[in-house]
Every structure is written in C-alpha cells, then in structure tokens.
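So this block is entry_22.tsv, TSV, C-alpha atoms:
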chain	number	residue	atom	x	y	z
P	57	MET	CA	16.36	14.45	13.63
P	58	SER	CA	14.10	14.59	10.59
P	59	ILE	CA	15.66	14.14	7.16
P	60	SER	CA	14.78	16.77	4.57
P	61	VAL	CA	14.11	15.39	1.11
P	62	ASN	CA	13.80	17.62	-1.92
P	63	PRO	CA	10.02	17.49	-2.60
P	64	ASP	CA	10.49	17.94	-6.35
P	65	LYS	CA	12.92	15.03	-6.46
P	66	LEU	CA	10.59	12.88	-4.38
P	67	ALA	CA	7.66	13.77	-6.63
P	68	GLY	CA	9.77	12.92	-9.66
P	69	ILE	CA	10.67	9.51	-8.25
P	70	ASN	CA	7.03	8.79	-7.45
P	71	GLN	CA	6.00	9.84	-10.95
P	72	VAL	CA	8.61	7.63	-12.61
P	73	MET	CA	7.69	4.58	-10.56
P	74	ASP	CA	3.95	5.13	-10.95
P	75	ASP	CA	4.24	5.54	-14.71
P	76	VAL	CA	6.70	2.75	-15.39
P	77	LEU	CA	5.19	0.28	-17.84
P	78	ILE	CA	7.58	-2.18	-19.38
P	79	ARG	CA	5.98	-3.81	-22.40
P	80	HIS	CA	8.15	-6.92	-22.34
P	81	ARG	CA	7.63	-9.91	-24.62
P	82	SER	CA	5.00	-11.73	-22.52
P	83	PHE	CA	3.21	-8.45	-21.87
P	84	LYS	CA	2.95	-7.75	-25.61
P	85	THR	CA	1.70	-11.30	-26.22
P	86	GLY	CA	-1.03	-10.79	-23.61
P	87	LEU	CA	-2.10	-7.50	-25.22
P	88	ALA	CA	-2.22	-9.14	-28.66
P	89	ARG	CA	-4.42	-11.95	-27.38
P	90	LEU	CA	-6.82	-9.56	-25.68
P	91	ASP	CA	-7.08	-7.73	-28.98
P	92	GLU	CA	-7.71	-11.03	-30.77
P	93	CYS	CA	-10.61	-11.70	-28.40
P	94	MET	CA	-12.08	-8.25	-28.97
P	95	GLN	CA	-11.75	-8.58	-32.74
P	96	SER	CA	-13.69	-11.86	-32.60
P	97	TYR	CA	-16.87	-9.97	-31.68
P	98	THR	CA	-19.38	-9.99	-34.53
P	99	GLY	CA	-22.64	-9.60	-32.60
P	100	TYR	CA	-23.60	-13.20	-33.20
P	101	GLY	CA	-22.07	-16.64	-32.88
P	102	GLU	CA	-19.53	-17.82	-30.35
P	103	PRO	CA	-16.76	-15.32	-29.53
P	104	VAL	CA	-13.16	-16.09	-28.58
P	105	CYS	CA	-12.84	-15.93	-24.78
P	106	MET	CA	-9.63	-16.29	-22.81
P	107	LEU	CA	-8.18	-16.82	-19.33
P	108	LEU	CA	-5.12	-14.79	-18.36
P	109	HIS	CA	-3.54	-16.37	-15.29
P	110	GLY	CA	-0.37	-16.15	-13.25
P	111	PRO	CA	0.90	-15.55	-9.71
P	112	SER	CA	0.40	-12.25	-7.95
P	113	GLY	CA	2.87	-9.58	-9.03
P	114	VAL	CA	3.55	-10.65	-12.62
P	115	GLY	CA	1.52	-7.79	-14.12
P	116	LYS	CA	-1.87	-9.33	-15.01
P	117	SER	CA	-3.94	-6.40	-13.77
P	118	THR	CA	-1.43	-3.92	-15.21
P	119	LEU	CA	-1.78	-5.61	-18.59
P	120	ALA	CA	-5.57	-5.39	-18.42
P	121	LYS	CA	-5.38	-1.69	-17.48
P	122	ALA	CA	-2.97	-1.01	-20.34
P	123	PHE	CA	-5.39	-2.58	-22.80
P	124	LEU	CA	-8.18	-0.48	-21.32
P	125	VAL	CA	-6.13	2.69	-21.82
P	126	ASP	CA	-5.70	1.76	-25.48
P	127	ASN	CA	-9.49	1.27	-25.81
P	128	GLN	CA	-11.04	4.04	-23.75
P	129	PRO	CA	-14.74	5.01	-23.74
P	130	VAL	CA	-15.82	7.53	-26.35
P	131	GLU	CA	-18.51	10.17	-25.78
P	132	THR	CA	-20.79	10.75	-28.78
P	133	GLN	CA	-23.71	13.14	-29.21
P	134	ASP	CA	-26.32	10.66	-28.10
P	135	ARG	CA	-24.47	8.01	-26.06
P	136	LYS	CA	-21.28	6.80	-24.46
P	137	LEU	CA	-19.45	4.01	-26.28
P	138	VAL	CA	-17.60	1.54	-24.03
P	139	PRO	CA	-15.66	-0.82	-26.32
P	140	VAL	CA	-13.98	-2.55	-23.37
P	141	LEU	CA	-15.80	-3.04	-20.07
P	142	SER	CA	-13.47	-3.87	-17.19
P	143	ALA	CA	-14.49	-4.84	-13.66
P	144	VAL	CA	-13.22	-6.67	-10.60
P	145	ILE	CA	-15.27	-9.71	-9.59
P	146	PRO	CA	-16.83	-8.78	-6.24
P	147	VAL	CA	-16.68	-10.69	-2.95
P	148	PRO	CA	-18.90	-12.50	-2.36
P	149	ALA	CA	-19.32	-13.40	-6.03
P	150	THR	CA	-23.07	-13.73	-6.41
P	151	MET	CA	-25.08	-13.38	-9.59
P	152	LYS	CA	-26.71	-10.17	-8.34
P	153	ASN	CA	-23.38	-8.69	-7.28
P	154	MET	CA	-21.85	-9.52	-10.65
P	155	ALA	CA	-24.73	-7.91	-12.55
P	156	SER	CA	-24.62	-4.83	-10.29
P	157	GLU	CA	-20.86	-4.40	-10.68
P	158	LEU	CA	-21.06	-4.46	-14.48
P	159	LEU	CA	-24.10	-2.17	-14.52
P	160	ASP	CA	-22.26	0.30	-12.30
P	161	LYS	CA	-19.24	0.31	-14.63
P	162	LEU	CA	-21.59	1.13	-17.50
P	163	GLY	CA	-23.01	4.07	-15.57
P	164	ASP	CA	-26.38	2.66	-14.51
P	165	PRO	CA	-27.54	4.84	-11.55
P	166	LEU	CA	-29.78	2.01	-10.36
P	167	SER	CA	-27.16	-0.71	-10.58
P	168	ASP	CA	-28.15	-2.29	-7.24
P	169	ARG	CA	-31.90	-2.19	-7.85
P	170	GLY	CA	-34.24	-4.86	-9.17
P	171	THR	CA	-34.34	-8.62	-9.30
P	172	LEU	CA	-31.54	-10.65	-10.87
P	173	GLU	CA	-33.61	-11.06	-14.02
P	174	GLN	CA	-34.22	-7.30	-14.25
P	175	ARG	CA	-30.56	-6.44	-13.67
P	176	THR	CA	-29.41	-8.97	-16.24
P	177	LYS	CA	-31.88	-7.67	-18.80
P	178	ARG	CA	-30.71	-4.08	-18.21
P	179	LEU	CA	-27.11	-5.21	-18.47
P	180	ARG	CA	-27.64	-6.88	-21.85
P	181	LYS	CA	-29.43	-3.77	-23.11
P	182	LEU	CA	-26.66	-1.43	-21.92
P	183	LEU	CA	-23.92	-3.63	-23.36
P	184	ARG	CA	-25.64	-3.43	-26.73
P	185	GLU	CA	-26.20	0.36	-26.52
P	186	CYS	CA	-22.60	1.02	-25.40
P	187	GLY	CA	-21.16	-1.04	-28.24
P	188	THR	CA	-19.15	-3.22	-25.87
P	189	LYS	CA	-16.90	-5.68	-27.71
P	190	LEU	CA	-14.95	-7.16	-24.80
P	191	ILE	CA	-15.53	-7.69	-21.07
P	192	ILE	CA	-12.49	-8.08	-18.79
P	193	LEU	CA	-13.15	-9.60	-15.36
P	194	ASP	CA	-10.28	-9.45	-12.87
P	195	GLU	CA	-9.82	-11.61	-9.73
P	196	PHE	CA	-11.45	-14.66	-11.31
P	197	GLN	CA	-10.46	-16.72	-8.24
P	198	HIS	CA	-13.31	-14.98	-6.40
P	199	PHE	CA	-15.53	-17.57	-8.10
P	200	ILE	CA	-14.19	-19.88	-5.39
P	201	ASP	CA	-15.84	-19.55	-1.98
P	202	ARG	CA	-13.12	-18.69	0.56
P	203	LYS	CA	-14.65	-20.61	3.45
P	204	SER	CA	-15.61	-23.85	1.74
P	205	GLU	CA	-13.02	-23.75	-1.09
P	206	ARG	CA	-15.84	-24.71	-3.45
P	207	VAL	CA	-16.63	-23.31	-6.87
P	208	ILE	CA	-19.72	-21.11	-6.99
P	209	LEU	CA	-21.32	-22.74	-10.00
P	210	ASP	CA	-24.46	-20.62	-10.29
P	211	VAL	CA	-22.28	-17.53	-10.91
P	212	SER	CA	-20.20	-19.32	-13.54
P	213	ASP	CA	-23.44	-20.48	-15.19
P	214	TRP	CA	-24.71	-16.89	-15.17
P	215	LEU	CA	-21.52	-15.75	-16.90
P	216	LYS	CA	-21.80	-18.54	-19.46
P	217	ASN	CA	-25.38	-17.47	-20.25
P	218	LEU	CA	-24.35	-13.81	-20.53
P	219	ILE	CA	-21.77	-14.76	-23.17
P	220	SER	CA	-24.33	-16.88	-25.03
P	221	ASN	CA	-26.98	-14.13	-25.03
P	222	THR	CA	-24.70	-11.25	-26.03
P	223	SER	CA	-21.96	-12.97	-28.08
P	224	ILE	CA	-19.49	-10.62	-26.32
P	225	PRO	CA	-16.07	-12.16	-25.65
P	226	VAL	CA	-14.91	-12.27	-22.03
P	227	ALA	CA	-11.34	-12.25	-20.74
P	228	LEU	CA	-10.95	-13.65	-17.22
P	229	VAL	CA	-7.91	-12.65	-15.15
P	230	GLY	CA	-6.84	-14.58	-12.07
P	231	LEU	CA	-4.35	-16.57	-10.03
P	232	PRO	CA	-3.15	-19.97	-11.29
P	233	TYR	CA	-5.57	-22.01	-9.19
P	234	SER	CA	-8.53	-20.15	-10.72
P	235	ARG	CA	-8.19	-22.61	-13.61
P	236	ASN	CA	-9.90	-25.11	-11.31
P	237	VAL	CA	-13.09	-23.05	-11.66
P	238	LEU	CA	-13.15	-23.97	-15.35
P	239	SER	CA	-12.55	-27.63	-14.51
P	240	ALA	CA	-15.71	-27.57	-12.37
P	241	ASN	CA	-17.85	-26.26	-15.23
P	242	GLU	CA	-17.26	-28.18	-18.46
P	243	GLN	CA	-19.21	-25.79	-20.68
P	244	LEU	CA	-17.35	-22.79	-19.28
P	245	MET	CA	-14.04	-24.57	-19.75
P	246	ARG	CA	-14.87	-25.21	-23.40
P	247	ARG	CA	-15.43	-21.48	-23.92
P	248	PHE	CA	-12.18	-20.56	-22.14
P	249	SER	CA	-9.87	-23.15	-23.63
P	250	TYR	CA	-7.76	-20.23	-24.93
P	251	GLN	CA	-5.39	-19.50	-22.01
P	252	THR	CA	-2.37	-17.26	-21.55
P	253	GLU	CA	0.05	-17.43	-18.65
P	254	LEU	CA	2.17	-14.61	-17.25
P	255	SER	CA	5.11	-15.91	-15.23
P	256	PRO	CA	7.98	-14.39	-13.23
P	257	PHE	CA	11.21	-13.98	-15.17
P	258	ALA	CA	13.15	-17.24	-14.79
P	259	TRP	CA	16.87	-16.83	-14.15
P	260	SER	CA	17.55	-20.23	-15.71
P	261	ASP	CA	16.16	-19.02	-19.07
P	262	LYS	CA	18.76	-17.00	-20.99
P	263	ALA	CA	16.20	-14.90	-22.90
P	264	GLU	CA	14.17	-14.11	-19.76
P	265	ARG	CA	17.33	-13.30	-17.83
P	266	ALA	CA	18.33	-10.84	-20.56
P	267	GLU	CA	14.86	-9.27	-20.56
P	268	PHE	CA	14.88	-8.87	-16.78
P	269	THR	CA	18.26	-7.14	-17.09
P	270	ARG	CA	16.91	-4.87	-19.83
P	271	ILE	CA	13.96	-3.87	-17.64
P	272	LEU	CA	16.28	-3.08	-14.74
P	273	ASP	CA	18.44	-0.93	-16.98
P	274	ALA	CA	15.42	0.89	-18.44
P	275	VAL	CA	14.11	1.86	-14.99
P	276	ASP	CA	17.65	2.89	-14.02
P	277	GLY	CA	17.71	5.26	-16.99
P	278	LYS	CA	14.42	6.87	-15.98
P	279	LEU	CA	15.52	7.33	-12.36
P	280	ALA	CA	18.82	8.84	-13.53
P	281	GLU	CA	16.84	11.78	-14.93
P	282	ILE	CA	15.61	12.50	-11.39
P	283	LEU	CA	18.60	11.56	-9.23
P	284	GLY	CA	21.18	13.06	-11.56
P	285	GLY	CA	23.21	10.02	-12.51
P	286	LYS	CA	22.85	6.42	-13.65
P	287	SER	CA	23.25	3.77	-10.97
P	288	ASP	CA	24.55	0.88	-13.09
P	289	LEU	CA	21.84	-1.36	-11.64
P	290	LYS	CA	22.79	-4.01	-14.19
P	291	SER	CA	25.71	-4.85	-11.92
P	292	GLN	CA	23.16	-5.72	-9.23
P	293	VAL	CA	20.96	-7.87	-11.47
P	294	VAL	CA	21.74	-11.18	-9.73
P	295	ARG	CA	20.90	-9.72	-6.32
P	296	CYS	CA	17.79	-7.97	-7.67
P	297	HIS	CA	16.49	-11.21	-9.17
P	298	ALA	CA	17.17	-13.11	-5.95
P	299	ALA	CA	15.33	-10.42	-3.97
P	300	THR	CA	12.26	-10.32	-6.22
P	301	LYS	CA	11.97	-13.85	-7.64
P	302	GLY	CA	11.72	-12.22	-11.05
P	303	LEU	CA	8.42	-10.53	-10.19
P	304	ILE	CA	8.02	-7.12	-11.80
P	305	SER	CA	5.84	-5.71	-9.00
P	306	LEU	CA	8.48	-6.55	-6.38
P	307	LEU	CA	11.25	-5.13	-8.56
P	308	ILE	CA	9.37	-1.83	-8.86
P	309	LYS	CA	8.76	-1.76	-5.10
P	310	LEU	CA	12.44	-2.47	-4.42
P	311	LEU	CA	13.70	0.24	-6.80
P	312	HIS	CA	11.14	2.76	-5.56
P	313	GLY	CA	12.41	2.37	-2.02
P	314	ALA	CA	16.06	2.44	-3.07
P	315	ALA	CA	15.53	5.64	-5.09
P	316	TYR	CA	13.89	7.24	-2.06
P	317	GLU	CA	16.87	6.25	0.11
P	318	ALA	CA	19.22	7.80	-2.45
P	319	ALA	CA	17.18	11.01	-2.45
P	320	LYS	CA	17.30	11.18	1.36
P	321	CYS	CA	21.11	11.02	1.20
P	322	ASN	CA	21.17	13.54	-1.66
P	323	ALA	CA	22.99	10.87	-3.68
P	324	SER	CA	23.10	11.07	-7.47
P	325	SER	CA	22.62	7.32	-7.89
P	326	ILE	CA	21.34	4.20	-6.15
P	327	THR	CA	23.94	2.16	-4.28
P	328	GLN	CA	23.94	-1.40	-3.00
P	329	GLN	CA	23.37	-0.02	0.51
P	330	HIS	CA	20.21	1.76	-0.67
P	331	LEU	CA	18.96	-1.49	-2.19
P	332	ALA	CA	19.75	-3.39	1.02
P	333	LYS	CA	17.71	-0.96	3.10
P	334	SER	CA	14.80	-0.99	0.64
P	335	PHE	CA	14.75	-4.80	0.62
P	336	ARG	CA	14.55	-4.95	4.40
P	337	GLU	CA	12.01	-2.15	4.80
P	338	ARG	CA	9.78	-2.68	1.76
P	339	LEU	CA	10.00	-6.36	0.84
P	340	VAL	CA	11.05	-8.58	3.74
P	341	PRO	CA	11.19	-7.03	7.24
P	342	ASP	CA	11.97	-10.44	8.74
P	343	LYS	CA	15.68	-10.30	9.62
P	344	ALA	CA	15.83	-14.09	9.68
P	345	VAL	CA	15.55	-13.95	5.88
P	346	LEU	CA	18.86	-13.33	4.13
P	347	ASN	CA	19.38	-9.90	2.57
P	348	PRO	CA	20.89	-10.42	-0.90
P	349	PHE	CA	22.31	-6.89	-0.94
P	350	LEU	CA	24.64	-7.46	2.00
P	351	ASP	CA	28.24	-8.41	1.26
P	352	SER	CA	27.77	-11.43	3.53
P	353	TRP	CA	25.17	-12.90	1.17
P	354	ASP	CA	26.52	-16.20	-0.15
P	355	GLY	CA	24.32	-16.46	-3.23
P	356	GLN	CA	21.83	-18.84	-1.67
P	357	ALA	CA	18.23	-18.66	-2.80
P	358	ILE	CA	15.94	-16.45	-0.73
P	359	ASP	CA	12.80	-18.44	-0.20
P	360	PRO	CA	10.07	-17.82	0.44
P	361	LEU	CA	9.20	-14.17	0.03
P	362	PRO	CA	5.76	-13.49	1.53
P	363	GLU	CA	4.47	-12.27	-1.84
P	364	SER	CA	5.58	-15.42	-3.67
P	365	ARG	CA	4.47	-18.22	-1.35
P	366	HIS	CA	1.52	-18.87	-3.63
P	367	MET	CA	3.99	-19.71	-6.41
P	368	SER	CA	4.34	-23.24	-5.05
P	369	VAL	CA	3.93	-26.28	-7.27
P	370	ALA	CA	0.48	-27.39	-8.31
P	371	GLY	CA	0.30	-29.84	-5.41
P	372	CYS	CA	0.15	-26.91	-3.01
P	373	ILE	CA	-2.81	-25.31	-4.77
P	374	PRO	CA	-5.97	-25.90	-2.71
P	375	SER	CA	-8.24	-28.61	-4.02
P	376	ILE	CA	-11.48	-27.09	-5.27
P	377	SER	CA	-14.96	-28.54	-5.19
P	378	ALA	CA	-18.20	-27.21	-6.59
P	379	THR	CA	-21.28	-25.81	-4.88
P	380	SER	CA	-24.82	-25.23	-6.11
P	381	ARG	CA	-24.68	-28.45	-8.12
P	382	SER	CA	-22.43	-30.23	-5.56
P	383	GLN	CA	-20.14	-31.86	-8.09
P	384	ASN	CA	-16.55	-32.39	-7.04
P	385	VAL	CA	-13.81	-31.29	-9.44
P	386	ASN	CA	-12.07	-34.64	-9.11
P	387	GLU	CA	-15.27	-36.34	-10.24
P	388	VAL	CA	-15.46	-34.03	-13.25
P	389	LEU	CA	-11.89	-34.79	-14.23
P	390	SER	CA	-12.16	-38.54	-13.74
P	391	ALA	CA	-15.35	-38.67	-15.81
P	392	ARG	CA	-13.56	-37.45	-18.95
Just give me the structure as structure tokens.
Amino acid sequence: MSISVNPDKLAGINQVMDDVLIRHRSFKTGLARLDECMQSYTGYGEPVCMLLHGPSGVGKSTLAKAFLVDNQPVETQDRKLVPVLSAVIPVPATMKNMASELLDKLGDPLSDRGTLEQRTKRLRKLLRECGTKLIILDEFQHFIDRKSERVILDVSDWLKNLISNTSIPVALVGLPYSRNVLSANEQLMRRFSYQTELSPFAWSDKAERAEFTRILDAVDGKLAEILGGKSDLKSQVVRCHAATKGLISLLIKLLHGAAYEAAKCNASSITQQHLAKSFRERLVPDKAVLNPFLDSWDGQAIDPLPESRHMSVAGCIPSISATSRSQNVNEVLSAR
C-alpha cells in the first residue's frame, strides 16, 4: 500500500533542508579568510593565497559557494565582471584541462580549443578583462594521480606560474591529504603557507558541543514551521552526534530523512523512531553497525561510518610521491 505524503509539506521540507546554511564559528572564519585573500589583490606583487582543507562533509564546498554568492558576477554595458572565479579541478588534472575549465567558467566559447600556450594566454586576458580578484579551485586532491598516488607536478607548476603572471590570489579547497601536494612543490607550498582547516564538531570540546547543539536546534525550528511543531531535537543531541561524527553534511542528511518519515506519518514533530529509520536508510544500511537511536544502544561509539573512514589519523593517509620531475615527497621533506 502506497503512503500518501502531503506534497506541499514534502516540498517545504526539501526547501528547508536545501536552503539550510549554518554560519557557525569556523564557517565565518573561513569566509573571513577568503575575503582577506581577495582583498590582497592589487594587480601586482605577490597575493595572499590559502588552502582550505578538511574531511568530506565538513562544509568546505558549501563555504566556497557561500562566498561566491556574496561576490556574484556583475553585468555591465560592455563586459561581465567576475570578481570571484570558482571551478572544480578536473580529472584527469592536466594543464590543458585546467586552462579549459577556467576558460569555460569565464564564458569562453572556445575553451577547449588551441594549444596550452594559447589557452593560457586567453585565460590571462579574460581574467584581466573580467576583473577577477580571486580564484577558488575545489577538489585540490585531484592534483594527485589516482593510479600512481603521485603528485602531478607540471599542473602545480602551471598554477604557480598563473599566480605569478596575474598576481591573482588563489584559494585551494581539498581533503586533508591534499596538503602533501604542497609538500611536493616547495615554491607552491611557500605561496600557500596560509592554511585553514574545517573539522567535524568534537564532542570532547565544550564550545563545539554547544555549537553542534545550537545548529541542531536551529534546524529543528525551521522544520517546525513545516511539520507544525518543534521536535525538541536537543534531547537527541548525544545520539545525533554519535550518528554523524559531528559532520554537518551527515546531520542534514539524517534530519532530512527523519522529517520525511514524520511527514509520511502525518506527525507534527520528529521522534526518535523517525531518526532511527533515517539513520538506517540514509546513513548506514549495514545492520551490523549499531543504531544510536534504538533504546538498546549502550552509548558505544559508532565507528566507522562509510563517509568518515577517511578521517583516520595521518598515518592512514596515502603516501604521495611526485611525477613529471620524479621527486619523492619524503626526499623533499628530509632535504629541509
């Protein structure tokens, strides 16, 4: 028997969860540092570049998108101004692919045409004409070849030269192990010594625990406008943190599913049973993994969630070596 869900209520839930943007303390710090990089642009000299890193699900890409929304392109009579150019580093990350991706984002209809030198020259010209003051490049770990686990040094050299020739600051966004790319290219590391980390909310930290609780309560308030009543999700904060490892993306996914379950039952609030079902269906289908929303849960840590396996200690991060100039990262580090 199919379950009828009020389409307006379902649309409202989707809208709330799609629009939710919690500008917590670390998020605001990241935005401020991106702005600092952009403000360092003068058209000459060395700009302030930065690396924003952290595990998947902490909100790195969301932060970059939020900054982009605050600095949108502006159409003038004679040209389009693009103060912030944002792109995802392509796979495979080659110099030509990088140039083409940035050209495409600037509206070049012939972004995939020409030699590398021609594309790079057009890119520099367009960056100048569009008044670009900051370039954000997401998925920085794509500078590491997946098969060989080696750093693609010619691409990192190309990026270094682009910064030198345009004086435009660049913000790189990537997973924690992407820092090894900088270790393999000393000149690039010098330019990106300014680094900001986004981390999951740690339960052991009182301030972060309070902020995680505040976020949970804020989303609860928004969903109450759709469901009809507040769910007192703060009473479930320990279970929610155990289920999500303090990752915002997993928390949103969990609450989205729970709100949908509540809507299916025509309930006015989210219950622990709705959270239990959402956890099993949307986060961890494996029944061998404990469900923290069941009464039988004994408070033990739930580890690992599939989405957080990469959050292991540094020793579990793959060792990276360099290609194109065949210099091993360990050799670079030991030479200092």
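Closest approach to P:Ala274 among P:Ala357, P:Leu66, P:Leu331, P:Leu77: P:Leu77, based on all atoms listed in the file.
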Can you pull out the residues contacting P:Leu283? Cut-off 12 Å, using only C-alpha atoms, and skip same-chain residues under 3 positions away; I want them as a PDB file with C-alpha atoms, in the frame of the given file.
ATOM      1  CA  VAL P  61      14.110  15.390   1.110  1.00  0.00           C
ATOM      2  CA  ASN P  62      13.800  17.620  -1.920  1.00  0.00           C
ATOM      3  CA  ASP P  64      10.490  17.940  -6.350  1.00  0.00           C
ATOM      4  CA  LYS P  65      12.920  15.030  -6.460  1.00  0.00           C
ATOM      5  CA  LEU P  66      10.590  12.880  -4.380  1.00  0.00           C
ATOM      6  CA  ALA P  67       7.660  13.770  -6.630  1.00  0.00           C
ATOM      7  CA  GLY P  68       9.770  12.920  -9.660  1.00  0.00           C
ATOM      8  CA  ILE P  69      10.670   9.510  -8.250  1.00  0.00           C
ATOM      9  CA  VAL P  72       8.610   7.630 -12.610  1.00  0.00           C
ATOM     10  CA  ASP P 276      17.650   2.890 -14.020  1.00  0.00           C
ATOM     11  CA  GLY P 277      17.710   5.260 -16.990  1.00  0.00           C
ATOM     12  CA  LYS P 278      14.420   6.870 -15.980  1.00  0.00           C
ATOM     13  CA  LEU P 279      15.520   7.330 -12.360  1.00  0.00           C
ATOM     14  CA  ALA P 280      18.820   8.840 -13.530  1.00  0.00           C
ATOM     15  CA  LYS P 286      22.850   6.420 -13.650  1.00  0.00           C
ATOM     16  CA  SER P 287      23.250   3.770 -10.970  1.00  0.00           C
ATOM     17  CA  ALA P 314      16.060   2.440  -3.070  1.00  0.00           C
ATOM     18  CA  ALA P 315      15.530   5.640  -5.090  1.00  0.00           C
ATOM     19  CA  TYR P 316      13.890   7.240  -2.060  1.00  0.00           C
ATOM     20  CA  GLU P 317      16.870   6.250   0.110  1.00  0.00           C
ATOM     21  CA  ALA P 318      19.220   7.800  -2.450  1.00  0.00           C
ATOM     22  CA  ALA P 319      17.180  11.010  -2.450  1.00  0.00           C
ATOM     23  CA  LYS P 320      17.300  11.180   1.360  1.00  0.00           C
ATOM     24  CA  CYS P 321      21.110  11.020   1.200  1.00  0.00           C
ATOM     25  CA  ASN P 322      21.170  13.540  -1.660  1.00  0.00           C
ATOM     26  CA  ALA P 323      22.990  10.870  -3.680  1.00  0.00           C
ATOM     27  CA  SER P 324      23.100  11.070  -7.470  1.00  0.00           C
ATOM     28  CA  SER P 325      22.620   7.320  -7.890  1.00  0.00           C
ATOM     29  CA  ILE P 326      21.340   4.200  -6.150  1.00  0.00           C
ATOM     30  CA  THR P 327      23.940   2.160  -4.280  1.00  0.00           C
TER      31      THR P 327
END
Starting from 4 Å padding per side, set up an axis-aligned box that covers all listed atoms of stretch 226-232 of chain P and hand over centre and edge lengths in Å, one decimal, as JSON.
{"center_x": -9.0, "center_y": -16.1, "center_z": -16.0, "size_x": 19.8, "size_y": 15.7, "size_z": 20.0}
### Query
Which is closest to P:Leu218 among P:Lys161, P:Lys121, P:Arg338, P:Arg178, if we use all atoms listed in the file?
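Among the listed residues, the smallest separation from P:Leu218 belongs to P:Arg178.
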Out of P:Thr188, P:Ser352, P:Ser156, P:Ser291, which residue has the shortest atom-to-atom distance to P:Ile224 when counting only C-alpha atoms?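 Distance minimum relative to P:Ile224 lands on P:Thr188.
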**Q.** Selected residue of minimal separation from P:Leu244 among P:Thr300, P:Asp213, P:Ser260, P:Gly355, counting all atoms listed in the file
**A.**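 Looking only at the distances to P:Leu244, the closest residue turns out to be P:Asp213.
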Counting all atoms listed in the file, the residue among P:Val76, P:Ala298, P:Met151, P:Leu303 that lies closest to P:Asn217 is P:Met151
Residue neighbourhood P:Glu173, 10 Å, only C-alpha atoms, exclusion window fewer than 3 positions, as a PyMOL selection string: chain P and resi 151-152+155+170+176-179
Would you mind exporting C-alpha atoms of the selected residues as a PDB file, keeping the file's coordinate frame?
ATOM      1  CA  MET P 151     -25.080 -13.380  -9.590  1.00  0.00           C
ATOM      2  CA  LYS P 152     -26.710 -10.170  -8.340  1.00  0.00           C
ATOM      3  CA  ALA P 155     -24.730  -7.910 -12.550  1.00  0.00           C
ATOM      4  CA  GLY P 170     -34.240  -4.860  -9.170  1.00  0.00           C
ATOM      5  CA  THR P 176     -29.410  -8.970 -16.240  1.00  0.00           C
ATOM      6  CA  LYS P 177     -31.880  -7.670 -18.800  1.00  0.00           C
ATOM      7  CA  ARG P 178     -30.710  -4.080 -18.210  1.00  0.00           C
ATOM      8  CA  LEU P 179     -27.110  -5.210 -18.470  1.00  0.00           C
TER       9      LEU P 179
END
| query | Within 9 Å of P:Arg247, counting all atoms listed in the file, which residues qualify if same-chain residues fewer than 2 places away don't, as a list in words? | reply |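 In the requested format, the answer is Glu102, Pro103, Val104, Cys105, Met106, Lys216, Glu242, Gln243, Leu244, Met245, Ser249 and Tyr250 of chain P.
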Expected file contents, prior selection, C-alpha atoms, as a compact mmCIF listing (two decimals), in the coordinates of the input:
# COMPACT_ATOMS: atom_id res chain seq x y z
CA GLU P 102 -19.53 -17.82 -30.35
CA PRO P 103 -16.76 -15.32 -29.53
CA VAL P 104 -13.16 -16.09 -28.58
CA CYS P 105 -12.84 -15.93 -24.78
CA MET P 106 -9.63 -16.29 -22.81
CA LYS P 216 -21.80 -18.54 -19.46
CA GLU P 242 -17.26 -28.18 -18.46
CA GLN P 243 -19.21 -25.79 -20.68
CA LEU P 244 -17.35 -22.79 -19.28
CA MET P 245 -14.04 -24.57 -19.75
CA SER P 249 -9.87 -23.15 -23.63
CA TYR P 250 -7.76 -20.23 -24.93
One residue among P:His330, P:Asp351, P:Ser305, P:Phe335 is nearest to P:Gly113 when using only C-alpha atoms, and that residue is P:Ser305
Distance in Å - atom CA of P:Ile78 versus atom CA of P:Val114 =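 For atom CA of P:Ile78 relative to atom CA of P:Val114, the distance reads 11.6 Å.
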Expressed in Å, the length from atom CA of P:Glu185 to atom CA of P:Leu209 is 28.8 Å
Atom CA of P:Pro256 sits from atom CA of P:Ser117 at a separation of 14.4 Å
Which polymer residues have any atom within 12 Å of an atom of P:Arg265, counting all atoms listed in the file, with same-chain residues fewer than 5 positions away left out, as a compact mmCIF listing (two decimals) with C-alpha atoms, keeping the file's coordinate frame?
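The resulting file, selection-v5.txt, is reproduced below:
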# COMPACT_ATOMS: atom_id res chain seq x y z
CA PRO P 256 7.98 -14.39 -13.23
CA PHE P 257 11.21 -13.98 -15.17
CA ALA P 258 13.15 -17.24 -14.79
CA TRP P 259 16.87 -16.83 -14.15
CA SER P 260 17.55 -20.23 -15.71
CA ARG P 270 16.91 -4.87 -19.83
CA ILE P 271 13.96 -3.87 -17.64
CA LEU P 272 16.28 -3.08 -14.74
CA LYS P 290 22.79 -4.01 -14.19
CA VAL P 293 20.96 -7.87 -11.47
CA VAL P 294 21.74 -11.18 -9.73
CA CYS P 296 17.79 -7.97 -7.67
CA HIS P 297 16.49 -11.21 -9.17
CA ALA P 298 17.17 -13.11 -5.95
CA LYS P 301 11.97 -13.85 -7.64
CA GLY P 302 11.72 -12.22 -11.05
